[in-house]
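Below is one structure, written out as structure tokens; the observations come after it.
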Number of protein chains: 4
Amino acid sequence: MPTYPAGHTALLFVDPYNDFLADGGKLWPRVAAVAESVGLHGNLKRIVAAVRAAGLPVFIVPHHRSEPDDFAGWDHPTPYQLGTAKGQVFAKGSWGGEWFPEFAPQPGDTIVKEHWGGSGFANTDLDFLLKQKRISHVILVGLIANTCIESTGRFATELGYHVTLVRDATAAFSPEAMHAAHEINAPSFAHAIFTTDQLLEALQGVNA
Amino acid sequence: MPTYPAGHTALLFVDPYNDFLADGGKLWPRVAAVAESVGLHGNLKRIVAAVRAAGLPVFIVPHHRSEPDDFAGWDHPTPYQLGTAKGQVFAKGSWGGEWFPEFAPQPGDTIVKEHWGGSGFANTDLDFLLKQKRISHVILVGLIANTCIESTGRFATELGYHVTLVRDATAAFSPEAMHAAHEINAPSFAHAIFTTDQLLEALQGVNA
Amino acid sequence: MPTYPAGHTALLFVDPYNDFLADGGKLWPRVAAVAESVGLHGNLKRIVAAVRAAGLPVFIVPHHRSEPDDFAGWDHPTPYQLGTAKGQVFAKGSWGGEWFPEFAPQPGDTIVKEHWGGSGFANTDLDFLLKQKRISHVILVGLIANTCIESTGRFATELGYHVTLVRDATAAFSPEAMHAAHEINAPSFAHAIFTTDQLLEALQGVNA
Amino acid sequence: MPTYPAGHTALLFVDPYNDFLADGGKLWPRVAAVAESVGLHGNLKRIVAAVRAAGLPVFIVPHHRSEPDDFAGWDHPTPYQLGTAKGQVFAKGSWGGEWFPEFAPQPGDTIVKEHWGGSGFANTDLDFLLKQKRISHVILVGLIANTCIESTGRFATELGYHVTLVRDATAAFSPEAMHAAHEINAPSFAHAIFTTDQLLEALQGVNA
């Protein structure tokens, strides 16, 4: 079990938007079954509480908020991006693009620039801001296990970070996608793949 | 079906090492079943021939060649990297770390710097060299579908490239991992997910 | 003289803020002498007009807009950043942090994410957005010659772009700093170092 | 004066090649006057000794070693790169491209991938390897003050590192270029600009 170095460990919370986490959110219907099966909201709540109690910094890692003219004039947005634009997911200025209240940033949290794709590191200041907070170990929670969380995790490892995934503090569109993320792919790039219980136990050794 | 712009499209061949592709290679036993089921060698041969005939540039994207003291003094190599080091996969100076003869670089090909992890872009000059060849569209073939190919593909999209995967010009440790790569994850970041036949048809419209 | 490829050339306008360019701006007194000696405003006006007439895309590359609590909790902001924060240069919500009217973004322009330091590429989506517009050749104008323009230019070359500087479409705190930027350093990384007249002549060959 | 954190500080030695540092090296005649005026070799020797005595890690940051066909087929190498290729500076396999014996890597040193341009971070694994050694503070010495050292320093700051330059442990083609590097530009991005004496004093507080 990894030891999390005091003063060098942070929580990365990916996409705590109403559209993902709130009843009535645009993507909630697609993640609800998996989210409820793993106890997503309760686990996120326990993790955030433990992390704040330990004095670990929290980074909010948000996806681009949709705007009506997104991708106008782009040579080759992905089909996935075009779908997101069509659905105006996390639309700027809309309720769905607001923070889910329970997991909204608190004073002292770092809000990273919005990412265009799946990785919270790509085209943002996440790596830079982690360095300015002396972070070497990142714990990834939020949505979606096999897209944004996995891309952010793959990038984190390539950029030299120690990466922890939490298998019941994320969700996906299907159990199969959760399995792909945690059983098939994560072992090739992550340093630890925990349950929330395991993470909370590991964090007990940290005094920030 | 995407149109591949003449003068702006390249083949990225990931890890054409004996250890992956040759009878007797260290990892060949782990990929052989999938490789043979999709006709990997034959498809790679057809693609490379078509790409060279069309005058498209070929980039060789190689994984780090193992050395005995790899990761000495590193704070947190991944378990996967430690396993690779223990097995001395693609060992420097060994037959397994040599190019598989049929797919060895030809004069005029570009050999990218070796990558430490899964992505051919991370910590290498791949993005830079693609720009110096005016490439905007990349076609990814080679090993392994859900690790190096997928990480290279995810990075390529985040870096602004148009990304094509070829589902029968790669392999993995299990059919399940192939399914995860092409059916579950790739639609979230790739622009095209082709068979070799579909790719060859699409390439007929390119005059480089 | 370089040939600018139609459809692949863009203008990068760095920091067109009132604090830099307007009478009454916080940094205008420090750049005014050089700006007036080279005819900065007139040259920028001619370049922007020519670029728009040729149909070349314009990218606005803005520095971070200061906020009161910038750098709180950072381990090691630079002395220069601390000075900028103290002076609240380009303060968010202030007139000085608004676009200088004559060079404000127009419909169809791309506004890049704000940069924390000197380079418009670092920790932003500039490279990504240039790729989505198929840009290989960048022309840099704006402020300041030896800091943001030079850092953006150095990064652009390292990232694989063709880089043009325009010696009388920028300014600095002293003639000596202009000399350092254009005579001492730029020849080591830039592809072309033009006057506005030379640039306009070179652009006549472009049909976008 | 900055405090260098034990276990998080490293020396980056840029381009310790015979062509730069040895009598008979291809570029030695161009840097000799400045190098001798600041006491380059003696200062580098004192710094390397102090750094090794303090147990700080040493990273060797080497420029690309020239090969005859460099830049063949590239769309837009810089004029400076073409000059380097023409002169075959640091030629692969030549004496000039070998390490200057006194500053050759020692067991335990990290040799970074070669860089194509001026920045030791661009298109290499420097950032990644620094992270795996837990480094947040970098001290830059070697050649040339206003090109490779300055580009590496500018990148280091943008990537989130604390950056120290040492004004008499580097050299340039002219005193004017040294002045530009240390008096005009460095204050905009560096955290400390020391003499060798000042650095050695500051390092006395480090126990690695």
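All residue names refer to the structure tokens as shown: chains lettered A, B, ... in order, residues numbered from 1 in each chain, ligands numbered from 1 in order.
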
Need the shell around D:Thr157: protein/DNA/RNA residues with any atom at most 8 Å away, counting only C-alpha atoms. Skip same-chain ones fewer than 3 positions apart. Format as a list in words? Gly117 of chain C; Gly153, Arg154, Gly160, Tyr161, His162, Val163, Phe189 and Ala190 of chain D

Could you please write out, as a PyMOL selection string, every residue of chain D that DSSP assigns to strand (DSSP E or B)? chain D and resi 9-14+17+58-61+63+99+110-111+115+137-143+162-171+192-194

Show me which bits of chain D are within 10 Å of chain A, counting only C-alpha atoms, as an MDAnalysis selection string. chainID D and resid 8 125 127:136 157:162

Length of the atom CA of C:Leu203 to atom CA of C:Leu40 vector [Å]: 18.9 Å

Can you tell me, as a list in words, what residues are no more than 8 Å from A:Leu44 when counting only C-alpha atoms, ignoring any on the same chain fewer than 4 positions away? Leu40, Val48, Val141, Gly142 and Ala169 of chain A

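Interatomic distance, atom CA of A:Ile47 against atom CA of C:Phe71: 26.4 Å.
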
With only C-alpha atoms as the counted atoms, please give the residues lying no more than 7 Å from stretch 172-175 of chain C, apart from itself and same-chain residues fewer than 2 positions off, as a ChimeraX atom specification. /C:30-31,34,144-146,177-179

Any chance you can output those residues with C-alpha atoms as a compact mmCIF listing (two decimals), in the first residue's frame?
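Contents of part.txt, freshly written:
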# COMPACT_ATOMS: atom_id res chain seq x y z
CA ARG C 30 6.82 52.13 -19.25
CA VAL C 31 6.44 51.19 -22.92
CA VAL C 34 9.68 52.69 -27.36
CA ILE C 144 6.41 42.88 -24.65
CA ALA C 145 9.20 42.13 -27.10
CA ASN C 146 11.66 40.47 -24.72
CA ALA C 177 15.51 45.40 -24.40
CA MET C 178 14.28 45.72 -28.00
CA HIS C 179 17.83 45.26 -29.21

Among the residues of stretch 20-135 of chain D, find those DSSP assigns to helix (DSSP H, G or I) from the backbone and print them as a VMD selection string. chain D and resid 20 to 21 28 to 38 40 to 53 79 to 87 95 to 97 101 to 103 126 to 132

Could you pull the residues within 8 Å of C:Tyr17, counting only C-alpha atoms, minus those fewer than 6 positions along the same chain, as an MDAnalysis selection string? chainID C and resid 90 96:100

Selection file, C-alpha atoms, as a PDB file, in the first residue's frame:
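Writing done, so here's selection-v3.pdb:
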ATOM      1  CA  PHE C  90      -4.703  43.694 -16.254  1.00  0.00           C
ATOM      2  CA  GLY C  96      -7.008  48.046 -17.748  1.00  0.00           C
ATOM      3  CA  GLY C  97      -7.854  44.379 -18.171  1.00  0.00           C
ATOM      4  CA  GLU C  98     -10.246  45.075 -21.042  1.00  0.00           C
ATOM      5  CA  TRP C  99      -9.234  44.820 -24.664  1.00  0.00           C
ATOM      6  CA  PHE C 100      -7.827  47.966 -26.197  1.00  0.00           C
TER       7      PHE C 100
END

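For the pair atom CA of D:Phe194 and atom CA of C:His115, the interatomic distance is 27.2 Å.
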
Just the residues within 12 Å of B:Pro105, please, counting only C-alpha atoms, with nothing from its chain fewer than 6 positions along; format it as JSON, numbers by chain. {"B": [12, 13, 14, 15, 16, 17, 48, 52, 57, 58, 59, 60, 61, 62, 98, 99, 111, 112]}

Write the residues you've just listed into a file as an mmCIF file, in the first residue's frame, and include C-alpha atoms for each of them.
data_model
loop_
_atom_site.group_PDB
_atom_site.id
_atom_site.type_symbol
_atom_site.label_atom_id
_atom_site.label_comp_id
_atom_site.auth_asym_id
_atom_site.auth_seq_id
_atom_site.Cartn_x
_atom_site.Cartn_y
_atom_site.Cartn_z
ATOM 1 C CA LEU B 12 2.498 5.884 -36.660
ATOM 2 C CA PHE B 13 3.828 2.371 -36.150
ATOM 3 C CA VAL B 14 4.100 1.706 -32.425
ATOM 4 C CA ASP B 15 6.691 -0.746 -31.098
ATOM 5 C CA PRO B 16 7.650 -2.908 -34.100
ATOM 6 C CA TYR B 17 9.976 -4.962 -31.909
ATOM 7 C CA VAL B 48 2.674 -0.449 -44.672
ATOM 8 C CA ARG B 52 4.536 3.668 -48.730
ATOM 9 C CA PRO B 57 5.488 9.319 -44.175
ATOM 10 C CA VAL B 58 6.065 6.538 -41.648
ATOM 11 C CA PHE B 59 6.914 7.334 -38.030
ATOM 12 C CA ILE B 60 8.377 4.581 -35.859
ATOM 13 C CA VAL B 61 7.204 5.121 -32.270
ATOM 14 C CA PRO B 62 9.306 2.931 -29.982
ATOM 15 C CA GLU B 98 15.624 -5.024 -32.398
ATOM 16 C CA TRP B 99 13.104 -4.118 -35.083
ATOM 17 C CA ILE B 111 12.342 7.296 -35.725
ATOM 18 C CA VAL B 112 10.874 9.065 -32.725
#

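By only C-alpha atoms, and with residues fewer than 5 positions from A:Val89 along its chain excluded, the set lying at most 8 Å from it is Asp19, Lys26, Leu27, Arg65, Ser66, Thr84, Gly96 and Gly97 of chain A.
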
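With only C-alpha atoms as the atoms that count, the minimum distance from D:Thr195 to the choices D:Ala33, D:Leu140, D:Ala104, D:Val166 is reached by D:Val166.
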